[in-house]
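my_file-v1.cif follows (mmCIF, C-alpha atoms):
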```
data_upload
loop_
_atom_site.label_atom_id
_atom_site.label_comp_id
_atom_site.auth_asym_id
_atom_site.auth_seq_id
_atom_site.Cartn_x
_atom_site.Cartn_y
_atom_site.Cartn_z
CA MET A 1 0.00 0.00 0.00
CA TRP A 2 3.00 2.31 0.20
CA LEU A 3 2.52 3.43 -3.38
CA LEU A 4 -1.03 4.63 -2.67
CA PHE A 5 0.39 6.68 0.19
CA VAL A 6 3.01 8.22 -2.11
CA ILE A 7 0.35 9.05 -4.69
CA SER A 8 -1.73 10.76 -2.00
CA VAL A 9 1.33 12.76 -0.98
CA ILE A 10 1.77 13.80 -4.58
CA SER A 11 -1.85 14.91 -4.76
CA THR A 12 -1.34 17.26 -1.85
CA PHE A 13 1.30 19.22 -3.66
CA GLY A 14 -0.25 18.98 -7.07
CA GLY A 15 -3.49 20.39 -5.76
CA ALA A 16 -1.86 23.22 -3.85
CA HIS A 17 -0.40 26.14 -5.72
CA GLY A 18 3.10 25.88 -4.40
CA LEU A 19 5.11 23.66 -2.15
CA PHE A 20 4.32 22.62 1.40
CA GLY A 21 3.52 25.65 3.55
CA LYS A 22 2.54 27.56 0.36
CA PRO A 23 5.54 29.89 0.11
CA ALA A 24 5.49 32.44 -2.68
CA PRO A 25 6.48 30.68 -5.91
CA LYS A 26 9.44 31.84 -7.95
CA ASN A 27 7.37 31.82 -11.15
CA PRO A 28 4.07 33.72 -11.20
CA GLU A 29 2.44 31.14 -13.51
CA ALA A 30 2.22 28.82 -10.50
CA ASN A 31 -0.70 30.95 -9.32
CA MET A 32 -2.32 31.48 -12.71
CA ASN A 33 -5.12 29.82 -14.64
CA ILE A 34 -4.61 28.66 -18.22
CA SER A 35 -5.66 31.91 -19.90
CA GLN A 36 -3.42 33.91 -17.60
CA MET A 37 -0.48 31.59 -18.30
CA ILE A 38 -0.95 32.14 -22.03
CA THR A 39 -1.31 35.93 -21.92
CA TYR A 40 1.55 36.29 -19.42
CA TRP A 41 3.96 35.54 -22.26
CA GLY A 42 2.24 37.90 -24.69
CA TYR A 43 0.11 35.41 -26.61
CA PRO A 44 -3.60 35.87 -27.40
CA SER A 45 -5.92 33.55 -25.49
CA GLU A 46 -9.47 32.40 -26.04
CA GLU A 47 -11.49 30.22 -23.67
CA TYR A 48 -14.52 28.10 -24.51
CA GLU A 49 -16.86 25.64 -22.83
CA VAL A 50 -17.68 22.52 -24.83
CA ILE A 51 -20.66 20.42 -23.72
CA THR A 52 -20.47 16.70 -24.39
CA GLU A 53 -23.39 14.49 -25.37
CA ASP A 54 -23.59 13.18 -21.80
CA GLY A 55 -23.52 16.62 -20.19
CA TYR A 56 -19.89 17.25 -19.18
CA ILE A 57 -18.67 20.80 -19.67
CA LEU A 58 -15.06 20.88 -20.85
CA GLY A 59 -12.71 23.85 -20.67
CA VAL A 60 -11.08 24.28 -24.09
CA TYR A 61 -8.42 26.92 -24.77
CA ARG A 62 -7.09 28.50 -27.93
CA ILE A 63 -3.94 30.35 -28.94
CA PRO A 64 -5.07 31.61 -32.36
CA TYR A 65 -1.71 33.02 -33.43
CA GLY A 66 1.78 33.74 -32.16
CA ARG A 67 3.40 36.80 -30.67
CA LYS A 68 4.99 38.02 -33.89
CA ILE A 69 2.21 37.10 -36.27
CA SER A 70 -0.43 39.53 -37.50
CA GLU A 71 -3.95 38.73 -36.42
CA ASN A 72 -5.33 39.25 -39.92
CA ILE A 73 -3.56 36.76 -42.17
CA GLY A 74 -6.50 34.43 -42.70
CA LYS A 75 -7.01 30.81 -41.76
CA ARG A 76 -4.17 28.91 -40.16
CA PRO A 77 -3.83 25.12 -39.97
CA VAL A 78 -5.27 23.85 -36.70
CA VAL A 79 -3.30 21.76 -34.19
CA PHE A 80 -5.11 20.25 -31.21
CA LEU A 81 -3.12 19.14 -28.14
CA GLN A 82 -4.52 16.51 -25.75
CA HIS A 83 -2.88 15.84 -22.39
CA GLY A 84 -2.33 12.60 -20.52
CA LEU A 85 -3.54 10.95 -17.31
CA LEU A 86 -3.80 13.21 -14.23
CA ALA A 87 -2.78 16.15 -16.39
CA SER A 88 -4.32 19.16 -18.11
CA ALA A 89 -3.80 21.68 -20.89
CA THR A 90 -1.21 23.40 -18.70
CA ASN A 91 1.28 20.66 -19.65
CA TRP A 92 1.75 22.29 -23.05
CA ILE A 93 2.53 25.78 -21.63
CA GLU A 94 4.39 25.09 -18.37
CA ASN A 95 7.88 25.65 -19.76
CA LEU A 96 9.29 28.83 -21.27
CA PRO A 97 7.89 29.78 -24.70
CA ASN A 98 10.89 28.35 -26.56
CA ASN A 99 10.33 24.98 -24.84
CA SER A 100 6.51 24.72 -24.67
CA LEU A 101 4.89 22.99 -27.63
CA ALA A 102 1.76 25.16 -27.67
CA PHE A 103 3.78 28.37 -27.87
CA ILE A 104 6.21 26.93 -30.43
CA LEU A 105 3.31 25.93 -32.68
CA ALA A 106 1.62 29.33 -32.33
CA ASP A 107 4.85 31.15 -33.21
CA ALA A 108 5.24 28.86 -36.24
CA GLY A 109 1.91 30.11 -37.60
CA TYR A 110 -0.59 27.54 -36.36
CA ASP A 111 -3.99 27.89 -34.72
CA VAL A 112 -3.42 25.98 -31.46
CA TRP A 113 -6.17 24.42 -29.34
CA LEU A 114 -5.70 22.85 -25.90
CA GLY A 115 -8.11 20.20 -24.61
CA ASN A 116 -9.03 19.17 -21.06
CA SER A 117 -10.49 15.77 -20.21
CA ARG A 118 -13.51 15.53 -17.95
CA GLY A 119 -12.78 15.65 -14.24
CA ASN A 120 -9.56 17.64 -14.29
CA ALA A 121 -9.22 21.09 -12.72
CA TRP A 122 -10.52 22.87 -15.83
CA SER A 123 -13.36 20.48 -16.75
CA LYS A 124 -15.15 19.89 -13.50
CA LYS A 125 -18.70 20.82 -14.47
CA ASN A 126 -21.70 18.85 -15.66
CA SER A 127 -25.20 19.85 -16.77
CA TYR A 128 -26.83 17.26 -14.51
CA PHE A 129 -24.46 16.20 -11.71
CA SER A 130 -22.46 18.06 -9.11
CA PRO A 131 -18.74 17.24 -8.71
CA GLY A 132 -19.67 16.32 -5.16
CA SER A 133 -21.77 13.40 -6.37
CA ALA A 134 -20.58 9.90 -7.14
CA GLU A 135 -22.50 10.06 -10.44
CA PHE A 136 -20.23 12.84 -11.73
CA TRP A 137 -17.15 10.64 -11.32
CA ARG A 138 -18.59 7.56 -13.00
CA PHE A 139 -16.34 7.70 -16.04
CA SER A 140 -13.02 6.50 -17.41
CA PHE A 141 -11.06 6.95 -20.62
CA ASP A 142 -13.93 5.11 -22.37
CA GLU A 143 -16.09 8.22 -22.04
CA MET A 144 -13.21 10.56 -22.88
CA ALA A 145 -12.87 8.76 -26.22
CA LYS A 146 -16.59 8.34 -26.84
CA TYR A 147 -17.77 11.81 -25.79
CA ASP A 148 -14.97 14.27 -24.94
CA LEU A 149 -12.86 13.99 -28.10
CA PRO A 150 -15.79 14.05 -30.56
CA ALA A 151 -17.39 17.04 -28.83
CA THR A 152 -14.12 18.99 -28.69
CA ILE A 153 -12.94 18.18 -32.21
CA ASP A 154 -16.39 18.89 -33.69
CA PHE A 155 -16.42 22.25 -31.88
CA ILE A 156 -12.97 23.16 -33.19
CA VAL A 157 -13.81 22.14 -36.76
CA GLN A 158 -17.02 24.16 -36.68
CA LYS A 159 -15.38 27.21 -35.08
CA THR A 160 -12.37 27.29 -37.41
CA LYS A 161 -14.22 26.17 -40.57
CA GLN A 162 -11.43 23.64 -41.13
CA LYS A 163 -12.32 20.24 -42.53
CA LYS A 164 -9.32 18.48 -40.98
CA ILE A 165 -7.03 19.20 -38.04
CA HIS A 166 -3.74 17.87 -36.66
CA TYR A 167 -3.97 15.90 -33.40
CA VAL A 168 -1.16 15.68 -30.83
CA GLY A 169 -1.60 13.35 -27.86
CA HIS A 170 0.63 12.54 -24.90
CA SER A 171 0.23 9.31 -22.92
CA GLN A 172 -3.50 8.85 -22.20
CA GLY A 173 -4.06 11.49 -24.89
CA THR A 174 -2.78 8.89 -27.35
CA THR A 175 -4.94 6.16 -25.81
CA ILE A 176 -8.19 8.05 -26.26
CA GLY A 177 -7.07 8.94 -29.77
CA PHE A 178 -6.50 5.26 -30.61
CA ILE A 179 -9.95 4.39 -29.28
CA ALA A 180 -11.87 7.31 -30.79
CA PHE A 181 -10.28 7.14 -34.23
CA SER A 182 -10.65 3.36 -34.50
CA THR A 183 -14.31 3.26 -33.39
CA ASN A 184 -15.61 6.52 -34.88
CA PRO A 185 -14.80 6.72 -38.62
CA THR A 186 -16.63 10.04 -39.00
CA LEU A 187 -14.39 11.58 -36.36
CA ALA A 188 -11.28 9.99 -37.87
CA GLU A 189 -12.06 11.71 -41.18
CA LYS A 190 -11.48 15.05 -39.45
CA ILE A 191 -7.88 14.21 -38.46
CA LYS A 192 -5.08 14.98 -40.94
CA MET A 193 -2.36 13.42 -38.85
CA PHE A 194 -1.96 11.91 -35.38
CA TYR A 195 1.27 12.78 -33.54
CA ALA A 196 1.68 10.34 -30.64
CA LEU A 197 4.06 11.17 -27.79
CA ALA A 198 4.77 8.29 -25.36
CA PRO A 199 1.89 6.19 -26.74
CA VAL A 200 0.04 3.86 -24.39
CA ALA A 201 -2.20 0.98 -25.44
CA THR A 202 -1.04 -1.71 -23.00
CA VAL A 203 0.85 -1.46 -19.71
CA ILE A 204 2.24 -4.98 -19.49
CA TYR A 205 5.80 -3.92 -18.76
CA VAL A 206 5.35 -1.06 -16.27
CA PRO A 207 7.78 -1.15 -13.29
CA ILE A 208 7.06 -3.61 -10.48
CA PRO A 209 5.99 -0.93 -7.94
CA LEU A 210 3.28 0.25 -10.35
CA LYS A 211 2.43 -3.28 -11.42
CA ALA A 212 1.72 -4.01 -7.74
CA LEU A 213 -1.44 -1.92 -8.04
CA THR A 214 -2.99 -4.63 -10.21
CA VAL A 215 -3.10 -7.10 -7.31
CA ILE A 216 -5.09 -4.76 -5.03
CA PRO A 217 -8.78 -5.79 -5.06
CA GLU A 218 -10.99 -3.00 -6.36
CA PRO A 219 -13.17 -2.93 -3.19
CA ILE A 220 -10.03 -2.33 -1.09
CA PHE A 221 -8.89 0.37 -3.50
CA LYS A 222 -12.25 2.14 -3.11
CA ILE A 223 -12.21 1.78 0.68
CA ILE A 224 -8.84 3.55 0.77
CA LEU A 225 -9.46 6.20 -1.88
CA GLY A 226 -13.25 6.42 -2.25
CA ASN A 227 -15.25 6.31 -5.49
CA LYS A 228 -15.05 9.90 -6.72
CA MET A 229 -12.01 12.01 -7.54
CA PHE A 230 -8.44 10.84 -7.80
CA PRO A 231 -6.33 12.02 -6.06
CA PRO A 232 -8.94 12.30 -3.28
CA HIS A 233 -9.30 15.09 -0.76
CA ASN A 234 -8.98 13.36 2.57
CA PHE A 235 -7.51 13.60 6.04
CA LEU A 236 -3.98 13.18 4.72
CA HIS A 237 -4.24 16.54 2.98
CA GLN A 238 -5.18 18.32 6.20
CA PHE A 239 -2.50 16.44 8.11
CA LEU A 240 0.25 17.47 5.71
CA ASP A 241 -1.16 20.98 5.31
CA HIS A 242 -0.30 21.77 8.94
CA GLU A 243 3.42 21.66 8.13
CA VAL A 244 4.31 18.57 10.09
CA TRP A 245 6.99 17.80 7.51
CA SER A 246 9.73 20.08 6.31
CA ARG A 247 9.59 21.69 2.92
CA GLU A 248 12.88 20.02 1.98
CA LEU A 249 11.53 16.57 2.81
CA ILE A 250 8.33 17.18 0.87
CA ASP A 251 10.27 18.48 -2.12
CA HIS A 252 12.45 15.37 -2.02
CA LEU A 253 9.44 13.02 -1.71
CA TRP A 254 7.61 14.74 -4.55
CA SER A 255 10.59 14.66 -6.88
CA ASN A 256 11.26 10.97 -6.29
CA ALA A 257 7.60 9.93 -6.39
CA LEU A 258 6.94 11.89 -9.57
CA SER A 259 10.03 10.35 -11.15
CA LEU A 260 8.88 6.85 -10.14
CA ILE A 261 5.31 7.19 -11.35
CA GLY A 262 5.49 9.68 -14.20
CA GLY A 263 9.15 9.49 -15.05
CA PHE A 264 11.53 12.21 -16.16
CA GLU A 265 15.24 12.67 -16.68
CA ILE A 266 16.30 15.20 -14.04
CA LYS A 267 19.23 16.41 -16.17
CA ASN A 268 16.72 17.21 -18.92
CA LEU A 269 14.36 19.16 -16.66
CA ASN A 270 14.30 22.92 -16.16
CA VAL A 271 14.39 22.83 -12.35
CA SER A 272 13.65 26.56 -12.20
CA ARG A 273 10.13 25.68 -13.41
CA PHE A 274 9.52 23.06 -10.74
CA ASP A 275 7.06 25.23 -8.82
CA VAL A 276 4.93 25.56 -11.97
CA TYR A 277 4.91 21.79 -12.49
CA LEU A 278 3.97 21.27 -8.84
CA ALA A 279 1.19 23.83 -8.91
CA HIS A 280 -0.65 22.34 -11.88
CA ASN A 281 0.03 18.60 -11.55
CA PRO A 282 -1.71 16.30 -10.90
CA SER A 283 -4.89 17.92 -12.16
CA GLY A 284 -7.24 15.08 -11.25
CA THR A 285 -9.36 12.36 -12.77
CA SER A 286 -11.84 9.77 -11.49
CA ILE A 287 -11.14 6.74 -9.32
CA GLN A 288 -12.94 4.75 -12.01
CA ASN A 289 -10.42 5.93 -14.60
CA VAL A 290 -7.53 4.79 -12.40
CA LEU A 291 -9.28 1.45 -11.85
CA HIS A 292 -9.73 1.12 -15.60
CA TRP A 293 -5.96 1.47 -16.08
CA ILE A 294 -5.42 -1.16 -13.37
CA GLN A 295 -7.77 -3.46 -15.31
CA VAL A 296 -5.73 -2.86 -18.48
CA GLY A 297 -2.66 -3.89 -16.50
CA ARG A 298 -4.35 -7.08 -15.32
CA SER A 299 -5.81 -8.11 -18.67
CA ALA A 300 -2.81 -7.06 -20.82
CA LYS A 301 -5.41 -5.73 -23.30
CA LEU A 302 -6.79 -2.35 -24.27
CA GLN A 303 -10.43 -2.99 -23.53
CA ALA A 304 -13.48 -1.17 -22.21
CA TYR A 305 -14.12 -0.77 -18.48
CA ASN A 306 -15.16 -3.95 -16.70
CA TRP A 307 -18.20 -3.09 -14.59
CA GLY A 308 -17.56 -6.00 -12.24
CA SER A 309 -20.04 -8.66 -13.26
CA PRO A 310 -21.34 -10.33 -16.43
CA ALA A 311 -24.77 -8.83 -15.75
CA MET A 312 -23.43 -5.27 -15.51
CA ASN A 313 -21.29 -5.76 -18.60
CA MET A 314 -24.34 -7.08 -20.48
CA LEU A 315 -26.17 -3.93 -19.48
CA HIS A 316 -23.41 -1.67 -20.83
CA TYR A 317 -22.05 -3.69 -23.78
CA ASN A 318 -24.60 -6.41 -24.50
CA GLN A 319 -21.90 -8.99 -23.80
CA ARG A 320 -20.56 -10.63 -20.66
CA MET A 321 -17.01 -9.27 -20.96
CA PRO A 322 -15.92 -5.78 -21.93
CA PRO A 323 -15.08 -5.41 -25.63
CA GLU A 324 -11.45 -5.07 -26.71
CA TYR A 325 -10.44 -2.01 -28.73
CA ASP A 326 -8.91 -2.85 -32.11
CA VAL A 327 -6.16 -0.28 -32.64
CA SER A 328 -5.44 -1.74 -36.09
CA ALA A 329 -8.83 -0.44 -37.25
CA MET A 330 -7.50 3.13 -37.03
CA THR A 331 -6.49 4.39 -40.48
CA VAL A 332 -5.45 7.92 -39.51
CA PRO A 333 -1.78 8.55 -40.48
CA ILE A 334 0.32 8.49 -37.31
CA ALA A 335 3.82 9.53 -36.27
CA VAL A 336 5.16 8.12 -33.00
CA TRP A 337 7.86 9.28 -30.60
CA SER A 338 8.70 6.90 -27.75
CA GLY A 339 11.24 6.81 -24.94
CA GLY A 340 13.96 4.26 -24.28
CA LYS A 341 13.58 4.73 -20.51
CA ASP A 342 9.84 5.32 -20.35
CA ASN A 343 8.23 3.94 -17.17
CA LEU A 344 4.65 4.06 -18.45
CA ALA A 345 5.04 3.61 -22.20
CA ASP A 346 7.67 0.91 -21.91
CA PRO A 347 9.62 0.19 -25.11
CA LYS A 348 8.36 -3.41 -25.09
CA ASP A 349 4.75 -2.24 -24.91
CA VAL A 350 5.43 0.22 -27.73
CA ASP A 351 7.02 -2.57 -29.79
CA MET A 352 3.77 -4.53 -29.42
CA LEU A 353 1.74 -1.51 -30.50
CA LEU A 354 3.65 -0.39 -33.60
CA PRO A 355 2.78 -3.38 -35.86
CA LYS A 356 -0.91 -2.74 -35.15
CA LEU A 357 -0.78 0.81 -36.50
CA SER A 358 -1.94 0.31 -40.07
CA ASN A 359 -0.89 3.79 -41.24
CA LEU A 360 2.34 4.38 -39.30
CA VAL A 361 4.41 6.93 -41.21
CA TYR A 362 7.19 7.60 -38.71
CA HIS A 363 8.64 6.27 -35.47
CA LYS A 364 11.51 7.56 -33.39
CA GLU A 365 12.72 6.13 -30.09
CA ILE A 366 14.63 8.63 -27.98
CA PRO A 367 16.99 6.52 -25.84
CA HIS A 368 17.25 8.84 -22.81
CA TYR A 369 13.56 9.81 -22.62
CA ASN A 370 11.21 8.93 -19.79
CA HIS A 371 7.48 9.62 -19.74
CA LEU A 372 7.40 13.31 -18.85
CA ASP A 373 10.39 14.34 -20.96
CA PHE A 374 8.02 14.56 -23.94
CA ILE A 375 6.30 17.60 -22.43
CA TRP A 376 8.94 19.03 -20.04
CA GLY A 377 12.28 17.97 -21.53
CA MET A 378 14.62 20.86 -22.28
CA ASP A 379 15.73 19.18 -25.50
CA SER A 380 12.19 18.29 -26.64
CA PRO A 381 12.23 20.94 -29.41
CA GLN A 382 15.34 19.36 -30.93
CA GLU A 383 14.27 15.77 -30.32
CA ILE A 384 10.56 16.06 -31.24
CA TYR A 385 8.97 19.43 -31.93
CA ASP A 386 11.17 20.51 -34.88
CA GLU A 387 10.40 17.21 -36.62
CA MET A 388 6.70 17.58 -35.86
CA LEU A 389 6.66 21.12 -37.29
CA SER A 390 8.27 19.86 -40.48
CA MET A 391 5.67 17.12 -40.82
CA ILE A 392 2.76 19.51 -40.22
CA ALA A 393 4.16 21.99 -42.75
CA ALA A 394 4.56 19.25 -45.35
CA ASP A 395 1.05 17.89 -44.94
#
```
Show me the file's structure as structure tokens.
Amino acid sequence: MWLLFVISVISTFGGAHGLFGKPAPKNPEANMNISQMITYWGYPSEEYEVITEDGYILGVYRIPYGRKISENIGKRPVVFLQHGLLASATNWIENLPNNSLAFILADAGYDVWLGNSRGNAWSKKNSYFSPGSAEFWRFSFDEMAKYDLPATIDFIVQKTKQKKIHYVGHSQGTTIGFIAFSTNPTLAEKIKMFYALAPVATVIYVPIPLKALTVIPEPIFKIILGNKMFPPHNFLHQFLDHEVWSRELIDHLWSNALSLIGGFEIKNLNVSRFDVYLAHNPSGTSIQNVLHWIQVGRSAKLQAYNWGSPAMNMLHYNQRMPPEYDVSAMTVPIAVWSGGKDNLADPKDVDMLLPKLSNLVYHKEIPHYNHLDFIWGMDSPQEIYDEMLSMIAAD
């Protein structure tokens, strides 16, 4: 159970804007919302609410053009960025402008849109249910793929009058792309190209400490963490919030726990931005979503959420077991960047995925990359973003 404790510790600092004791951050963006983070660096920002078919209200953000680009040069190609598990749109703007993908794309002349999955800090509203209710949190990445992506992409296409857009996903952002584009051909027709960073379809080879989560019975998991938001707000937060531990110890615990679970190469991280990372991560998801990932680890398959009994699965899927997602059915052209040291998108899992991608046009493994280097790595422009820009420009 030690890992659950570490995750709860992480949630304390991810939810608070700053480190333990809430000292003033070095970087003002630690205390900003997404629009403020964008405009702080001199970029234009637009904010929208997108309502899904099942009533979730998603915060969607837009950087329509860059700092040195005239507002009136007509339509620009659209690039949509979708974050990973426990993350948010802030991931794409947390570094300096020359290192943040959203800003780099905007300065290169693209119309950049940032998505937020249901349940994170910027998409915590619903037309029918309160976030305080268990009903609100009854979702996983199934619903993100079935409802969130179609609603957001349809909104962007309608707003920009573009027939096709470029899609960039990191981690779970690739997973929901695989599912949505393989099960929804109409949606897939609206995607020019899929750029997959640290793609995840199976988690067979995750490290042993994370693999240990798969042996915890789901009822025990829910007793410990509840059945609503993950990370939960519980007594541990209040306990730690009274400064019983030193800031240095907390900083050390956070750094090591984040490295274990999310993974990054410390030499490739801009440590001066650490307070910004801490302030905005993790951004939250549902317990059910975490349980769904645990099920994927147990089954070694990318399949729909198992509702716990053949009768419940019959109710949801008209079959006794949850259906498996067929990634090979996705025909959208895809470019993949993976990491040689990735904890969550292990090279062996990626090797299993690649042959299933029927329209794979490019793959690059970056030997020194772990899971979070794709969004925070100081050399990510040289390793990934410059190549991506070339591909977008050539399309």
Exercise: Leu149 (chain A) partners within 10 Å, only C-alpha atoms, chain neighbours under 4 positions left out, as number ranges by chain: A: 52, 82, 115-117, 143-145, 153-155, 173, 176-177, 180-181, 187
Could those residues be written to a file, using C-alpha atoms, as a PDB file, in the coordinates of the input?
```
ATOM      1  CA  THR A  52     -20.470  16.700 -24.390  1.00  0.00           C
ATOM      2  CA  GLN A  82      -4.520  16.510 -25.750  1.00  0.00           C
ATOM      3  CA  GLY A 115      -8.110  20.200 -24.610  1.00  0.00           C
ATOM      4  CA  ASN A 116      -9.030  19.170 -21.060  1.00  0.00           C
ATOM      5  CA  SER A 117     -10.490  15.770 -20.210  1.00  0.00           C
ATOM      6  CA  GLU A 143     -16.090   8.220 -22.040  1.00  0.00           C
ATOM      7  CA  MET A 144     -13.210  10.560 -22.880  1.00  0.00           C
ATOM      8  CA  ALA A 145     -12.870   8.760 -26.220  1.00  0.00           C
ATOM      9  CA  ILE A 153     -12.940  18.180 -32.210  1.00  0.00           C
ATOM     10  CA  ASP A 154     -16.390  18.890 -33.690  1.00  0.00           C
ATOM     11  CA  PHE A 155     -16.420  22.250 -31.880  1.00  0.00           C
ATOM     12  CA  GLY A 173      -4.060  11.490 -24.890  1.00  0.00           C
ATOM     13  CA  ILE A 176      -8.190   8.050 -26.260  1.00  0.00           C
ATOM     14  CA  GLY A 177      -7.070   8.940 -29.770  1.00  0.00           C
ATOM     15  CA  ALA A 180     -11.870   7.310 -30.790  1.00  0.00           C
ATOM     16  CA  PHE A 181     -10.280   7.140 -34.230  1.00  0.00           C
ATOM     17  CA  LEU A 187     -14.390  11.580 -36.360  1.00  0.00           C
TER      18      LEU A 187
END
```
So how many Å separate CA of Ala106 (chain A) and CA of Ile375 (chain A), to one decimal?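 Distance between the two atoms: 16.0 Å.
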Nearby residues (all atoms listed in the file) at most 9 Å from Lys125 (chain A), same-chain spacing under 3 positions excluded, as a ChimeraX atom specification: /A:55-58,118-119,122,128-131,136
Quick one: which residues end up in the PyMOL selection byres ((chain A and resi 99) around 10) for this structure, as a short mmCIF file (atom, residue, chain, number, x, y, z; two decimals) with C-alpha atoms, keeping the file's coordinate frame?
```
data_model
loop_
_atom_site.label_atom_id
_atom_site.label_comp_id
_atom_site.auth_asym_id
_atom_site.auth_seq_id
_atom_site.Cartn_x
_atom_site.Cartn_y
_atom_site.Cartn_z
CA TRP A 92 1.75 22.29 -23.05
CA ILE A 93 2.53 25.78 -21.63
CA GLU A 94 4.39 25.09 -18.37
CA ASN A 95 7.88 25.65 -19.76
CA LEU A 96 9.29 28.83 -21.27
CA PRO A 97 7.89 29.78 -24.70
CA ASN A 98 10.89 28.35 -26.56
CA SER A 100 6.51 24.72 -24.67
CA LEU A 101 4.89 22.99 -27.63
CA ALA A 102 1.76 25.16 -27.67
CA PHE A 103 3.78 28.37 -27.87
CA ILE A 104 6.21 26.93 -30.43
CA ASN A 270 14.30 22.92 -16.16
CA ILE A 375 6.30 17.60 -22.43
CA TRP A 376 8.94 19.03 -20.04
CA GLY A 377 12.28 17.97 -21.53
CA MET A 378 14.62 20.86 -22.28
CA ASP A 379 15.73 19.18 -25.50
CA SER A 380 12.19 18.29 -26.64
CA PRO A 381 12.23 20.94 -29.41
CA GLN A 382 15.34 19.36 -30.93
CA TYR A 385 8.97 19.43 -31.93
#
```
At what distance in Å, to one decimal, does CA of Val78 (chain A) lie from CA of Thr160 (chain A)? 7.9 Å
Matched chain/residue IDs from the PyMOL selection byres ((chain A and resi 26) around 9), as a ChimeraX atom specification: /A:24-25,27-30,272-273,275-276
What gap, in Å, lies between CA of Phe141 (chain A) and CA of Lys192 (chain A)?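 Going from CA of Phe141 (chain A) over to CA of Lys192 (chain A), I get 22.7 Å.
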Given all atoms listed in the file as the counted atoms, nearest of A:Ile208, A:Met321, A:Ala87, A:Ile366 to Trp337 (chain A):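 Answer, going by the shortest atom-to-atom distance: A:Ile366.
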Using all atoms listed in the file, the best pick from A:Gly59, A:Leu372, A:Leu302, A:Pro322 as closest to Met352 (chain A) would be A:Leu302
Region 338-347 of chain A: which residues within 8 Å, counting only C-alpha atoms, same-chain residues fewer than 4 positions away excluded, as a ChimeraX atom specification? /A:171,197-200,203,205-207,260-263,351,363-371
Kindly save the residues from that selection, with C-alpha atoms included, as a short mmCIF file (atom, residue, chain, number, x, y, z; two decimals), in the frame of the given file.
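Okay, this is what ended up in result.cif:
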```
data_model
loop_
_atom_site.label_atom_id
_atom_site.label_comp_id
_atom_site.auth_asym_id
_atom_site.auth_seq_id
_atom_site.Cartn_x
_atom_site.Cartn_y
_atom_site.Cartn_z
CA SER A 171 0.23 9.31 -22.92
CA LEU A 197 4.06 11.17 -27.79
CA ALA A 198 4.77 8.29 -25.36
CA PRO A 199 1.89 6.19 -26.74
CA VAL A 200 0.04 3.86 -24.39
CA VAL A 203 0.85 -1.46 -19.71
CA TYR A 205 5.80 -3.92 -18.76
CA VAL A 206 5.35 -1.06 -16.27
CA PRO A 207 7.78 -1.15 -13.29
CA LEU A 260 8.88 6.85 -10.14
CA ILE A 261 5.31 7.19 -11.35
CA GLY A 262 5.49 9.68 -14.20
CA GLY A 263 9.15 9.49 -15.05
CA ASP A 351 7.02 -2.57 -29.79
CA HIS A 363 8.64 6.27 -35.47
CA LYS A 364 11.51 7.56 -33.39
CA GLU A 365 12.72 6.13 -30.09
CA ILE A 366 14.63 8.63 -27.98
CA PRO A 367 16.99 6.52 -25.84
CA HIS A 368 17.25 8.84 -22.81
CA TYR A 369 13.56 9.81 -22.62
CA ASN A 370 11.21 8.93 -19.79
CA HIS A 371 7.48 9.62 -19.74
#
```
Find, counting only C-alpha atoms, the residue in A:Leu360, A:Leu114, A:Met193, A:Ala201 that gets nearest to Ala300 (chain A).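 Among the listed residues, A:Ala201 lies closest to Ala300 (chain A).
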Which residues are close to Ala335 (chain A), i.e. within 6 Å by all atoms listed in the file, leaving aside same-chain residues fewer than 5 positions away? Reply as a ChimeraX atom specification. /A:195,361-363
Given the file shown, determine the residues that the PyMOL selection byres ((chain A and resi 392) around 9) selects; report them as a PyMOL selection string. chain A and resi 77+79+166+193+387-391+393-395
Applying 12 Å and only C-alpha atoms, which residues near Lys68 (chain A) remain after dropping the ones on its own chain fewer than 6 positions away? List them as a ChimeraX atom specification. /A:41-44,103-104,106-109
A:Phe194, A:Gln36, A:Ala311, A:Phe178 ranked by distance to Lys164 (chain A), top pick (using all atoms listed in the file):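 The closest residue to Lys164 (chain A) is A:Phe194.
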Of the candidates A:Phe221, A:Thr175, A:His280, A:Asp111, which shows the shortest atom-to-atom distance to Met37 (chain A), using only C-alpha atoms?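 Closest candidate: A:His280.
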Residue nearest Tyr325 (chain A) among A:Thr285, A:Ile165, A:Asp142, A:Ile204 (counting all atoms listed in the file): A:Asp142
